[in-house]
Amino acid sequence: MLSAREARGGWIDGHMHVWNLDHPDSPHEEEALGSKVVRHYTLTDHVSEWKPRQVVHVEAIPRDSWQEVEWVERHAPGVGAVVASVHLEQDGARELLERLSNLRKVRGVRQILNWEAGRPHCCWPFLKEDLTRCETWRTGLALLAPLNLSFDLQCNPAQLVRASAAARIANCRLVVNHLGVPQLDAKTDRDLWMQGLYHVARHHPTASLKVSMLTHLFADHRPWWASAEGREAALGLIHEAIRTFGSHRCMFASNAPVDAAFGLSPTDSMALQDAIASTYDEEGRRSLYAGGAERAYALG
């Protein structure tokens with residue numbers, strides 16, 4: 001049987017970022033990325049630390065989506081696929097999507113949607129409203145399927161059902177980011193999170209789930225991986241999320257270099273991935289390390 005360590009040798013990282021805030025033509029800005037993250041992170045850095053076989057660059061909040069894709073092509077040509085940034089509710093979304101869909105490496109788009117009244121620490125600071133309730137945004141979502149573009153869904157648990165319902169109407173293929181961003185606390189409990197994941201898994205047979213951003217499993221961003229008690233509780237929740245989709249629809253992703261800024265090192269993150277994978281059969285391990293990302297992003 002293929003061990004977790006052996007499966008890691010073919011790993012495809014389904015969610016990472018490259019940027020260089022000090023480069024003169026950088027499309028990224030410190031205000032958006034935050035001061036906690038490193039100022040530059042190259043594909044060479046990533047391969048050295050994580051040793052993936054292939055990677056997917058997911059948009060890193062650029063000031064210009066087209067410029068970011070071109071920048072990645074120039075400075076990280078080894079990237080296998082790109083998930084671009086598009087504000088679906090804005091004028092010009094249709095034209096931008098049409099242009100992006102003609103680029104060889106662009107597989108889909110992401111727009112961060114995290115919003116929840118009364119929980120400012122769980123809201124994306126550049127949003128002024130819950131876009132899952134916005135009809136203009138829903139209209140933009142419907143533009144993706146005809147262009148064969150997927151949508152990387154990053155939202156709060158309380159938004160998952162609404163976003164899933166909108167994507168079902170739009171016939172849009174979903175890739176759920178970061179375990180559905182649980183950030184569990186007294187206001188967002190396990191049941192609300194799991195209900196959202198179940199809705200996506202049930203109503204979107206082709207949807208995928210990224211096992212990533214493990215630093216945000218709890219709202220206080222506690223380093224749960226640092227204690228046996230914390231690992232036992234957290235890994236149980238992660239396995240529940242994987243079982244909801246089925247391991248064949250899930251993928252490991254690093255979210256590098258963001259997670260390191262929250263205290264989870266590449267070494268610890270890979271050890272957690274290997275521990276999670278060890279509980280699944282060979283087919284499940286292959287999916288978690290490679291097959292899930294291959295199917296979601298049409299990678300070979």
# chains A, B, ... in the order shown; residues from 1 in each chain; ligands from 1
call {"tool": "residues_around", "arguments": {"residues": "Leu100 in chain A", "least_positions_apart": "5", "cutoff": "9 Å", "atoms": "only C-alpha atoms", "output": "list in words"}}
result
Trp66, Val69, Ala84, Glu95, Val106, Arg107 and Gly108 of chain A
call {"tool": "write_last_selection", "arguments": {"atoms": "all heavy atoms", "output": "PDB file, in the first residue's frame"}}
result
ATOM      1  N   TRP A  66      -5.339  41.351 -14.258  1.00  0.00           N
ATOM      2  CA  TRP A  66      -4.610  41.003 -15.478  1.00  0.00           C
ATOM      3  C   TRP A  66      -3.109  41.161 -15.270  1.00  0.00           C
ATOM      4  O   TRP A  66      -2.315  40.322 -15.691  1.00  0.00           O
ATOM      5  CB  TRP A  66      -5.086  41.874 -16.628  1.00  0.00           C
ATOM      6  CG  TRP A  66      -4.496  41.485 -17.954  1.00  0.00           C
ATOM      7  CD1 TRP A  66      -3.399  42.018 -18.563  1.00  0.00           C
ATOM      8  CD2 TRP A  66      -4.964  40.448 -18.818  1.00  0.00           C
ATOM      9  NE1 TRP A  66      -3.149  41.387 -19.752  1.00  0.00           N
ATOM     10  CE2 TRP A  66      -4.103  40.423 -19.949  1.00  0.00           C
ATOM     11  CE3 TRP A  66      -6.029  39.551 -18.771  1.00  0.00           C
ATOM     12  CZ2 TRP A  66      -4.279  39.524 -20.999  1.00  0.00           C
ATOM     13  CZ3 TRP A  66      -6.207  38.651 -19.819  1.00  0.00           C
ATOM     14  CH2 TRP A  66      -5.335  38.646 -20.912  1.00  0.00           C
ATOM     15  N   VAL A  69      -1.679  38.128 -13.302  1.00  0.00           N
ATOM     16  CA  VAL A  69      -1.487  36.916 -14.107  1.00  0.00           C
ATOM     17  C   VAL A  69      -0.251  37.052 -14.984  1.00  0.00           C
ATOM     18  O   VAL A  69       0.566  36.116 -15.091  1.00  0.00           O
ATOM     19  CB  VAL A  69      -2.738  36.622 -14.960  1.00  0.00           C
ATOM     20  CG1 VAL A  69      -2.485  35.429 -15.874  1.00  0.00           C
ATOM     21  CG2 VAL A  69      -3.949  36.346 -14.060  1.00  0.00           C
ATOM     22  N   ALA A  84      -7.358  33.410 -10.836  1.00  0.00           N
ATOM     23  CA  ALA A  84      -7.234  34.862 -10.931  1.00  0.00           C
ATOM     24  C   ALA A  84      -8.244  35.581 -10.050  1.00  0.00           C
ATOM     25  O   ALA A  84      -9.221  34.995  -9.567  1.00  0.00           O
ATOM     26  CB  ALA A  84      -7.402  35.294 -12.388  1.00  0.00           C
ATOM     27  N   GLU A  95     -16.013  41.383 -19.411  1.00  0.00           N
ATOM     28  CA  GLU A  95     -14.891  41.544 -20.342  1.00  0.00           C
ATOM     29  C   GLU A  95     -13.603  40.965 -19.762  1.00  0.00           C
ATOM     30  O   GLU A  95     -12.835  40.302 -20.475  1.00  0.00           O
ATOM     31  CB  GLU A  95     -14.695  43.023 -20.675  1.00  0.00           C
ATOM     32  CG  GLU A  95     -15.806  43.637 -21.506  1.00  0.00           C
ATOM     33  CD  GLU A  95     -17.074  43.917 -20.703  1.00  0.00           C
ATOM     34  OE1 GLU A  95     -17.007  43.894 -19.446  1.00  0.00           O
ATOM     35  OE2 GLU A  95     -18.130  44.153 -21.318  1.00  0.00           O
ATOM     36  N   VAL A 106      -4.964  29.952 -16.739  1.00  0.00           N
ATOM     37  CA  VAL A 106      -6.054  30.377 -15.864  1.00  0.00           C
ATOM     38  C   VAL A 106      -7.155  29.323 -15.872  1.00  0.00           C
ATOM     39  O   VAL A 106      -7.711  29.002 -16.912  1.00  0.00           O
ATOM     40  CB  VAL A 106      -6.607  31.749 -16.292  1.00  0.00           C
ATOM     41  CG1 VAL A 106      -7.855  32.091 -15.480  1.00  0.00           C
ATOM     42  CG2 VAL A 106      -5.551  32.824 -16.110  1.00  0.00           C
ATOM     43  N   ARG A 107      -7.452  28.793 -14.685  1.00  0.00           N
ATOM     44  CA  ARG A 107      -8.465  27.741 -14.554  1.00  0.00           C
ATOM     45  C   ARG A 107      -9.751  28.241 -13.900  1.00  0.00           C
ATOM     46  O   ARG A 107     -10.794  27.629 -14.029  1.00  0.00           O
ATOM     47  CB  ARG A 107      -7.923  26.584 -13.710  1.00  0.00           C
ATOM     48  CG  ARG A 107      -6.680  25.925 -14.249  1.00  0.00           C
ATOM     49  CD  ARG A 107      -6.955  25.164 -15.540  1.00  0.00           C
ATOM     50  NE  ARG A 107      -5.885  24.234 -15.839  1.00  0.00           N
ATOM     51  CZ  ARG A 107      -4.775  24.519 -16.495  1.00  0.00           C
ATOM     52  NH1 ARG A 107      -4.609  25.758 -16.948  1.00  0.00           N
ATOM     53  NH2 ARG A 107      -3.852  23.603 -16.709  1.00  0.00           N
ATOM     54  N   GLY A 108      -9.626  29.328 -13.158  1.00  0.00           N
ATOM     55  CA  GLY A 108     -10.797  29.824 -12.450  1.00  0.00           C
ATOM     56  C   GLY A 108     -10.497  31.160 -11.820  1.00  0.00           C
ATOM     57  O   GLY A 108      -9.461  31.771 -12.074  1.00  0.00           O
TER      58      GLY A 108
END
call {"tool": "select_by_dssp", "arguments": {"residues": "range 65-266 of chain A", "states": "alpha helix (DSSP H)", "output": "JSON, numbers by chain"}}
result
{"A": [65, 66, 67, 68, 69, 70, 71, 72, 73, 74, 75, 93, 94, 95, 96, 97, 98, 99, 100, 101, 135, 136, 137, 138, 139, 140, 141, 157, 158, 159, 160, 161, 162, 163, 164, 165, 166, 167, 168, 169, 190, 191, 192, 193, 194, 195, 196, 197, 198, 199, 200, 201, 202, 203, 228, 229, 230, 231, 232, 233, 234, 235, 236, 237, 238, 239, 240, 241, 242, 243, 244, 245, 258, 259, 260, 261, 266]}
call {"tool": "closest_residue", "arguments": {"among": "A:Thr215, A:Lys36, A:Leu149, A:Ala228", "to": "Asn102 in chain A", "atoms": "only C-alpha atoms"}}
result
A:Leu149
call {"tool": "closest_residue", "arguments": {"among": "A:Val38, A:Cys250, A:Ala167, A:Val176", "to": "Gly284 in chain A", "atoms": "only C-alpha atoms"}}
result
A:Cys250
call {"tool": "closest_residue", "arguments": {"among": "A:Asn20, A:Ser208, A:Ser26, A:Thr188", "to": "Asp45 in chain A", "atoms": "only C-alpha atoms"}}
result
A:Asn20
call {"tool": "residues_around", "arguments": {"residues": "Asp191 in chain A", "least_positions_apart": "4", "cutoff": "12 Å", "atoms": "only C-alpha atoms", "output": "JSON, numbers by chain"}}
result
{"A": [157, 158, 182, 184, 185, 186, 187, 195, 196, 197, 198, 237, 240, 241]}
call {"tool": "write_last_selection", "arguments": {"atoms": "all heavy atoms", "output": "compact mmCIF listing (two decimals), in the first residue's frame"}}
result
# COMPACT_ATOMS: atom_id res chain seq x y z
N PRO A 157 -18.64 30.27 7.40
CA PRO A 157 -19.63 29.18 7.48
C PRO A 157 -21.07 29.65 7.32
O PRO A 157 -21.87 28.98 6.67
CB PRO A 157 -19.38 28.60 8.88
CG PRO A 157 -17.92 28.81 9.11
CD PRO A 157 -17.63 30.16 8.50
N ALA A 158 -21.40 30.83 7.88
CA ALA A 158 -22.77 31.33 7.78
C ALA A 158 -23.16 31.71 6.36
O ALA A 158 -24.35 31.88 6.06
CB ALA A 158 -22.95 32.54 8.71
N PRO A 182 -13.59 27.73 8.89
CA PRO A 182 -14.48 27.54 10.04
C PRO A 182 -14.38 28.63 11.11
O PRO A 182 -15.41 29.15 11.55
CB PRO A 182 -14.06 26.18 10.61
CG PRO A 182 -12.77 25.84 9.95
CD PRO A 182 -12.74 26.56 8.65
N LEU A 184 -14.01 28.60 14.29
CA LEU A 184 -15.02 28.21 15.26
C LEU A 184 -14.87 28.97 16.58
O LEU A 184 -13.78 29.18 17.08
CB LEU A 184 -14.92 26.71 15.53
CG LEU A 184 -15.09 25.80 14.30
CD1 LEU A 184 -14.92 24.34 14.69
CD2 LEU A 184 -16.43 26.02 13.62
N ASP A 185 -16.02 29.41 17.10
CA ASP A 185 -16.08 30.03 18.43
C ASP A 185 -17.53 29.92 18.91
O ASP A 185 -18.31 29.13 18.36
CB ASP A 185 -15.59 31.49 18.40
CG ASP A 185 -16.44 32.40 17.50
OD1 ASP A 185 -17.52 31.98 17.06
OD2 ASP A 185 -16.01 33.53 17.24
N ALA A 186 -17.88 30.69 19.93
CA ALA A 186 -19.22 30.57 20.51
C ALA A 186 -20.32 30.94 19.52
O ALA A 186 -21.45 30.45 19.63
CB ALA A 186 -19.32 31.46 21.75
N LYS A 187 -20.01 31.81 18.53
CA LYS A 187 -21.04 32.24 17.58
C LYS A 187 -21.10 31.37 16.32
O LYS A 187 -22.10 31.35 15.62
CB LYS A 187 -20.80 33.71 17.19
CG LYS A 187 -21.09 34.69 18.31
CD LYS A 187 -21.02 36.13 17.82
CE LYS A 187 -21.38 37.10 18.91
NZ LYS A 187 -21.33 38.51 18.45
N GLN A 195 -23.10 22.09 8.36
CA GLN A 195 -24.29 22.23 7.53
C GLN A 195 -23.94 22.89 6.20
O GLN A 195 -24.45 22.50 5.14
CB GLN A 195 -25.35 23.05 8.27
CG GLN A 195 -26.04 22.31 9.39
CD GLN A 195 -26.84 23.24 10.30
OE1 GLN A 195 -27.01 24.43 10.00
NE2 GLN A 195 -27.32 22.72 11.41
N GLY A 196 -23.08 23.90 6.27
CA GLY A 196 -22.66 24.58 5.05
C GLY A 196 -21.86 23.67 4.14
O GLY A 196 -22.10 23.62 2.92
N LEU A 197 -20.91 22.93 4.70
CA LEU A 197 -20.12 22.00 3.90
C LEU A 197 -21.00 20.91 3.29
O LEU A 197 -20.83 20.52 2.13
CB LEU A 197 -19.02 21.36 4.74
CG LEU A 197 -17.87 22.26 5.20
CD1 LEU A 197 -16.83 21.43 5.96
CD2 LEU A 197 -17.22 22.98 4.03
N TYR A 198 -21.95 20.43 4.08
CA TYR A 198 -22.84 19.38 3.58
C TYR A 198 -23.67 19.88 2.40
O TYR A 198 -23.88 19.15 1.42
CB TYR A 198 -23.76 18.89 4.71
CG TYR A 198 -24.75 17.84 4.26
CD1 TYR A 198 -24.35 16.51 4.07
CD2 TYR A 198 -26.08 18.17 4.02
CE1 TYR A 198 -25.27 15.55 3.65
CE2 TYR A 198 -27.00 17.22 3.60
CZ TYR A 198 -26.59 15.91 3.42
OH TYR A 198 -27.49 14.96 3.00
N LEU A 237 -12.15 17.25 13.68
CA LEU A 237 -12.96 18.17 12.87
C LEU A 237 -12.55 18.12 11.40
O LEU A 237 -13.41 18.13 10.51
CB LEU A 237 -12.81 19.59 13.41
CG LEU A 237 -13.37 19.86 14.80
CD1 LEU A 237 -12.90 21.22 15.31
CD2 LEU A 237 -14.90 19.79 14.79
N GLU A 240 -13.86 15.06 9.76
CA GLU A 240 -15.30 15.17 9.52
C GLU A 240 -15.57 15.95 8.24
O GLU A 240 -16.45 15.59 7.45
CB GLU A 240 -15.98 15.84 10.72
CG GLU A 240 -17.49 15.80 10.65
CD GLU A 240 -18.15 16.27 11.94
OE1 GLU A 240 -17.44 16.74 12.85
OE2 GLU A 240 -19.39 16.16 12.02
N ALA A 241 -14.80 17.02 8.02
CA ALA A 241 -14.96 17.80 6.79
C ALA A 241 -14.59 16.97 5.57
O ALA A 241 -15.30 16.99 4.54
CB ALA A 241 -14.09 19.05 6.86
call {"tool": "atom_distance", "arguments": {"atom1": "CA of Val109 in chain A", "atom2": "CA of Lys128 in chain A"}}
result
20.3 Å
call {"tool": "atom_distance", "arguments": {"atom1": "CA of His216 in chain A", "atom2": "CA of Ala81 in chain A"}}
result
24.8 Å
call {"tool": "closest_residue", "arguments": {"among": "A:Met16, A:Leu127, A:Ile238, A:Leu153", "to": "Ala32 in chain A", "atoms": "only C-alpha atoms"}}
result
A:Leu127
call {"tool": "closest_residue", "arguments": {"among": "A:Gly9, A:Pro120, A:Gly14, A:Gly246", "to": "Thr206 in chain A", "atoms": "only C-alpha atoms"}}
result
A:Gly246
call {"tool": "closest_residue", "arguments": {"among": "A:Arg190, A:His199, A:His178, A:Arg295", "to": "Ala165 in chain A", "atoms": "only C-alpha atoms"}}
result
A:His199
call {"tool": "residues_around", "arguments": {"residues": "His15 in chain A", "least_positions_apart": "4", "cutoff": "10 Å", "atoms": "only C-alpha atoms", "output": "VMD selection string"}}
result
chain A and resid 55 to 59 81 to 83 177 to 178 210 to 213 251 to 256 293
call {"tool": "write_last_selection", "arguments": {"atoms": "all heavy atoms", "output": "compact mmCIF listing (two decimals), in the first residue's frame"}}
result
# COMPACT_ATOMS: atom_id res chain seq x y z
N VAL A 55 2.24 23.22 -8.68
CA VAL A 55 1.57 24.17 -7.80
C VAL A 55 0.50 24.95 -8.55
O VAL A 55 0.54 25.09 -9.78
CB VAL A 55 2.57 25.18 -7.18
CG1 VAL A 55 3.67 24.47 -6.41
CG2 VAL A 55 3.15 26.10 -8.24
N VAL A 56 -0.46 25.46 -7.76
CA VAL A 56 -1.49 26.36 -8.25
C VAL A 56 -1.35 27.69 -7.52
O VAL A 56 -1.42 27.73 -6.28
CB VAL A 56 -2.90 25.79 -8.01
CG1 VAL A 56 -3.97 26.78 -8.48
CG2 VAL A 56 -3.07 24.44 -8.69
N HIS A 57 -1.09 28.76 -8.27
CA HIS A 57 -1.06 30.09 -7.67
C HIS A 57 -2.48 30.63 -7.61
O HIS A 57 -3.19 30.69 -8.63
CB HIS A 57 -0.21 31.06 -8.50
CG HIS A 57 -0.40 32.50 -8.10
ND1 HIS A 57 0.27 33.08 -7.04
CD2 HIS A 57 -1.21 33.46 -8.61
CE1 HIS A 57 -0.11 34.34 -6.93
NE2 HIS A 57 -1.01 34.60 -7.87
N VAL A 58 -2.89 30.99 -6.40
CA VAL A 58 -4.20 31.61 -6.20
C VAL A 58 -4.01 33.09 -5.96
O VAL A 58 -3.10 33.51 -5.22
CB VAL A 58 -4.94 30.95 -5.02
CG1 VAL A 58 -6.28 31.64 -4.77
CG2 VAL A 58 -5.15 29.46 -5.30
N GLU A 59 -4.85 33.89 -6.57
CA GLU A 59 -4.71 35.34 -6.51
C GLU A 59 -4.36 35.82 -5.11
O GLU A 59 -4.86 35.30 -4.11
CB GLU A 59 -6.00 36.01 -7.01
CG GLU A 59 -7.25 35.71 -6.19
CD GLU A 59 -7.46 36.70 -5.06
OE1 GLU A 59 -6.82 37.76 -5.08
OE2 GLU A 59 -8.27 36.40 -4.17
N ALA A 81 -0.95 26.23 -12.76
CA ALA A 81 -2.26 26.82 -13.01
C ALA A 81 -2.41 28.07 -12.16
O ALA A 81 -1.74 28.23 -11.14
CB ALA A 81 -3.38 25.83 -12.70
N VAL A 82 -3.31 28.94 -12.60
CA VAL A 82 -3.56 30.21 -11.90
C VAL A 82 -5.05 30.36 -11.64
O VAL A 82 -5.87 30.09 -12.53
CB VAL A 82 -3.05 31.41 -12.73
CG1 VAL A 82 -3.45 32.73 -12.08
CG2 VAL A 82 -1.54 31.34 -12.91
N VAL A 83 -5.37 30.78 -10.43
CA VAL A 83 -6.73 31.19 -10.09
C VAL A 83 -6.68 32.71 -9.94
O VAL A 83 -6.01 33.24 -9.05
CB VAL A 83 -7.22 30.53 -8.78
CG1 VAL A 83 -8.61 31.06 -8.41
CG2 VAL A 83 -7.25 29.01 -8.94
N ASN A 177 -12.40 26.85 -0.52
CA ASN A 177 -11.09 27.16 0.05
C ASN A 177 -11.05 26.91 1.55
O ASN A 177 -12.02 27.18 2.28
CB ASN A 177 -10.74 28.63 -0.20
CG ASN A 177 -10.29 28.91 -1.62
OD1 ASN A 177 -9.67 29.95 -1.90
ND2 ASN A 177 -10.57 28.02 -2.55
N HIS A 178 -9.91 26.44 2.03
CA HIS A 178 -9.54 26.47 3.45
C HIS A 178 -10.59 25.83 4.37
O HIS A 178 -10.94 26.41 5.41
CB HIS A 178 -9.27 27.90 3.89
CG HIS A 178 -8.28 28.63 3.01
ND1 HIS A 178 -7.18 28.02 2.46
CD2 HIS A 178 -8.24 29.93 2.61
CE1 HIS A 178 -6.50 28.91 1.75
NE2 HIS A 178 -7.11 30.07 1.82
N LYS A 210 -10.53 22.19 -0.20
CA LYS A 210 -9.10 22.33 0.11
C LYS A 210 -8.88 22.17 1.61
O LYS A 210 -9.48 22.89 2.42
CB LYS A 210 -8.58 23.70 -0.34
CG LYS A 210 -8.58 23.89 -1.85
CD LYS A 210 -7.99 25.22 -2.23
CE LYS A 210 -7.99 25.40 -3.75
NZ LYS A 210 -7.40 26.67 -4.17
N VAL A 211 -8.00 21.24 1.95
CA VAL A 211 -7.59 21.05 3.34
C VAL A 211 -6.39 21.96 3.55
O VAL A 211 -5.25 21.59 3.27
CB VAL A 211 -7.26 19.58 3.63
CG1 VAL A 211 -6.88 19.38 5.10
CG2 VAL A 211 -8.44 18.68 3.25
N SER A 212 -6.66 23.17 3.99
CA SER A 212 -5.63 24.22 4.03
C SER A 212 -6.03 25.29 5.04
O SER A 212 -7.11 25.26 5.60
CB SER A 212 -5.46 24.83 2.64
OG SER A 212 -6.70 25.33 2.15
N MET A 213 -5.12 26.25 5.24
CA MET A 213 -5.28 27.32 6.22
C MET A 213 -5.72 26.74 7.57
O MET A 213 -6.69 27.19 8.19
CB MET A 213 -6.24 28.41 5.75
CG MET A 213 -5.95 29.76 6.41
SD MET A 213 -6.70 31.20 5.58
CE MET A 213 -8.40 31.07 6.11
N MET A 251 -8.23 17.98 -1.37
CA MET A 251 -6.82 18.15 -1.72
C MET A 251 -6.09 18.85 -0.58
O MET A 251 -6.66 19.72 0.08
CB MET A 251 -6.68 18.97 -3.01
CG MET A 251 -7.01 20.44 -2.86
SD MET A 251 -6.98 21.38 -4.40
CE MET A 251 -8.63 21.01 -5.03
N PHE A 252 -4.84 18.48 -0.36
CA PHE A 252 -3.99 19.22 0.55
C PHE A 252 -3.44 20.45 -0.16
O PHE A 252 -3.09 20.39 -1.34
CB PHE A 252 -2.81 18.36 1.01
CG PHE A 252 -3.16 17.28 1.99
CD1 PHE A 252 -2.57 16.02 1.90
CD2 PHE A 252 -4.07 17.50 3.01
CE1 PHE A 252 -2.87 15.03 2.80
CE2 PHE A 252 -4.39 16.50 3.92
CZ PHE A 252 -3.78 15.26 3.82
N ALA A 253 -3.36 21.55 0.58
CA ALA A 253 -2.77 22.77 0.02
C ALA A 253 -2.04 23.51 1.14
O ALA A 253 -2.43 23.45 2.30
CB ALA A 253 -3.86 23.65 -0.60
N SER A 254 -0.99 24.22 0.76
CA SER A 254 -0.12 24.84 1.76
C SER A 254 -0.60 26.20 2.24
O SER A 254 -0.31 26.61 3.36
CB SER A 254 1.29 24.98 1.19
OG SER A 254 1.31 25.97 0.17
N ASN A 255 -1.28 26.95 1.38
CA ASN A 255 -1.59 28.36 1.63
C ASN A 255 -0.32 29.15 1.93
O ASN A 255 -0.36 30.17 2.63
CB ASN A 255 -2.59 28.51 2.78
CG ASN A 255 -3.19 29.90 2.85
OD1 ASN A 255 -3.44 30.54 1.83
ND2 ASN A 255 -3.40 30.40 4.06
N ALA A 256 0.80 28.69 1.43
CA ALA A 256 2.07 29.38 1.66
C ALA A 256 2.10 30.70 0.89
O ALA A 256 1.53 30.81 -0.19
CB ALA A 256 3.23 28.49 1.22
N ALA A 293 -6.38 17.89 -6.70
CA ALA A 293 -5.95 19.10 -7.40
C ALA A 293 -5.94 18.89 -8.91
O ALA A 293 -6.28 19.80 -9.67
CB ALA A 293 -4.55 19.51 -6.91
call {"tool": "atom_distance", "arguments": {"atom1": "CA of Arg110 in chain A", "atom2": "CA of Ser85 in chain A"}}
result
5.3 Å
call {"tool": "residues_around", "arguments": {"residues": "Thr42 in chain A", "least_positions_apart": "4", "cutoff": "9 Å", "atoms": "only C-alpha atoms", "output": "MDAnalysis selection string"}}
result
chainID A and resid 17:20 46:47 75:76
call {"tool": "write_last_selection", "arguments": {"atoms": "all heavy atoms", "output": "short mmCIF file (atom, residue, chain, number, x, y, z; two decimals), in the first residue's frame"}}
result
data_model
loop_
_atom_site.label_atom_id
_atom_site.label_comp_id
_atom_site.auth_asym_id
_atom_site.auth_seq_id
_atom_site.Cartn_x
_atom_site.Cartn_y
_atom_site.Cartn_z
N HIS A 17 0.82 31.03 -3.03
CA HIS A 17 0.92 32.38 -3.60
C HIS A 17 2.38 32.72 -3.85
O HIS A 17 3.26 32.33 -3.08
CB HIS A 17 0.35 33.42 -2.64
CG HIS A 17 -0.98 33.07 -2.04
ND1 HIS A 17 -2.17 33.25 -2.71
CD2 HIS A 17 -1.30 32.55 -0.83
CE1 HIS A 17 -3.17 32.87 -1.94
NE2 HIS A 17 -2.66 32.43 -0.78
N VAL A 18 2.62 33.48 -4.90
CA VAL A 18 3.93 34.09 -5.11
C VAL A 18 3.74 35.60 -5.21
O VAL A 18 2.75 36.08 -5.75
CB VAL A 18 4.63 33.55 -6.39
CG1 VAL A 18 5.01 32.09 -6.21
CG2 VAL A 18 3.75 33.73 -7.62
N TRP A 19 4.71 36.32 -4.64
CA TRP A 19 4.68 37.78 -4.75
C TRP A 19 6.06 38.34 -4.41
O TRP A 19 6.93 37.63 -3.89
CB TRP A 19 3.61 38.40 -3.85
CG TRP A 19 3.78 38.17 -2.38
CD1 TRP A 19 4.79 38.58 -1.58
CD2 TRP A 19 2.86 37.48 -1.51
NE1 TRP A 19 4.58 38.21 -0.28
CE2 TRP A 19 3.40 37.53 -0.21
CE3 TRP A 19 1.64 36.85 -1.71
CZ2 TRP A 19 2.76 36.96 0.88
CZ3 TRP A 19 1.00 36.27 -0.62
CH2 TRP A 19 1.55 36.33 0.65
N ASN A 20 6.25 39.60 -4.72
CA ASN A 20 7.47 40.31 -4.35
C ASN A 20 7.11 41.78 -4.19
O ASN A 20 7.02 42.53 -5.18
CB ASN A 20 8.56 40.14 -5.40
CG ASN A 20 9.88 40.76 -4.96
OD1 ASN A 20 9.92 41.53 -4.01
ND2 ASN A 20 10.96 40.44 -5.66
N HIS A 46 9.37 28.31 -2.49
CA HIS A 46 8.31 27.35 -2.18
C HIS A 46 8.76 25.91 -2.45
O HIS A 46 8.56 25.02 -1.62
CB HIS A 46 7.06 27.66 -2.99
CG HIS A 46 5.88 26.83 -2.60
ND1 HIS A 46 5.27 26.94 -1.36
CD2 HIS A 46 5.21 25.85 -3.26
CE1 HIS A 46 4.27 26.08 -1.30
NE2 HIS A 46 4.21 25.42 -2.43
N VAL A 47 9.35 25.70 -3.59
CA VAL A 47 9.81 24.35 -3.94
C VAL A 47 10.88 23.88 -2.97
O VAL A 47 10.92 22.71 -2.56
CB VAL A 47 10.33 24.32 -5.39
CG1 VAL A 47 11.01 22.98 -5.70
CG2 VAL A 47 9.17 24.56 -6.37
N HIS A 75 7.49 35.84 -13.75
CA HIS A 75 8.38 35.61 -12.63
C HIS A 75 8.25 34.23 -11.99
O HIS A 75 9.09 33.86 -11.17
CB HIS A 75 8.16 36.70 -11.57
CG HIS A 75 8.45 38.08 -12.06
ND1 HIS A 75 9.74 38.55 -12.21
CD2 HIS A 75 7.62 39.07 -12.47
CE1 HIS A 75 9.69 39.79 -12.66
NE2 HIS A 75 8.42 40.13 -12.83
N ALA A 76 7.22 33.48 -12.35
CA ALA A 76 7.05 32.13 -11.83
C ALA A 76 6.50 31.23 -12.93
O ALA A 76 5.41 30.67 -12.81
CB ALA A 76 6.13 32.13 -10.61
#
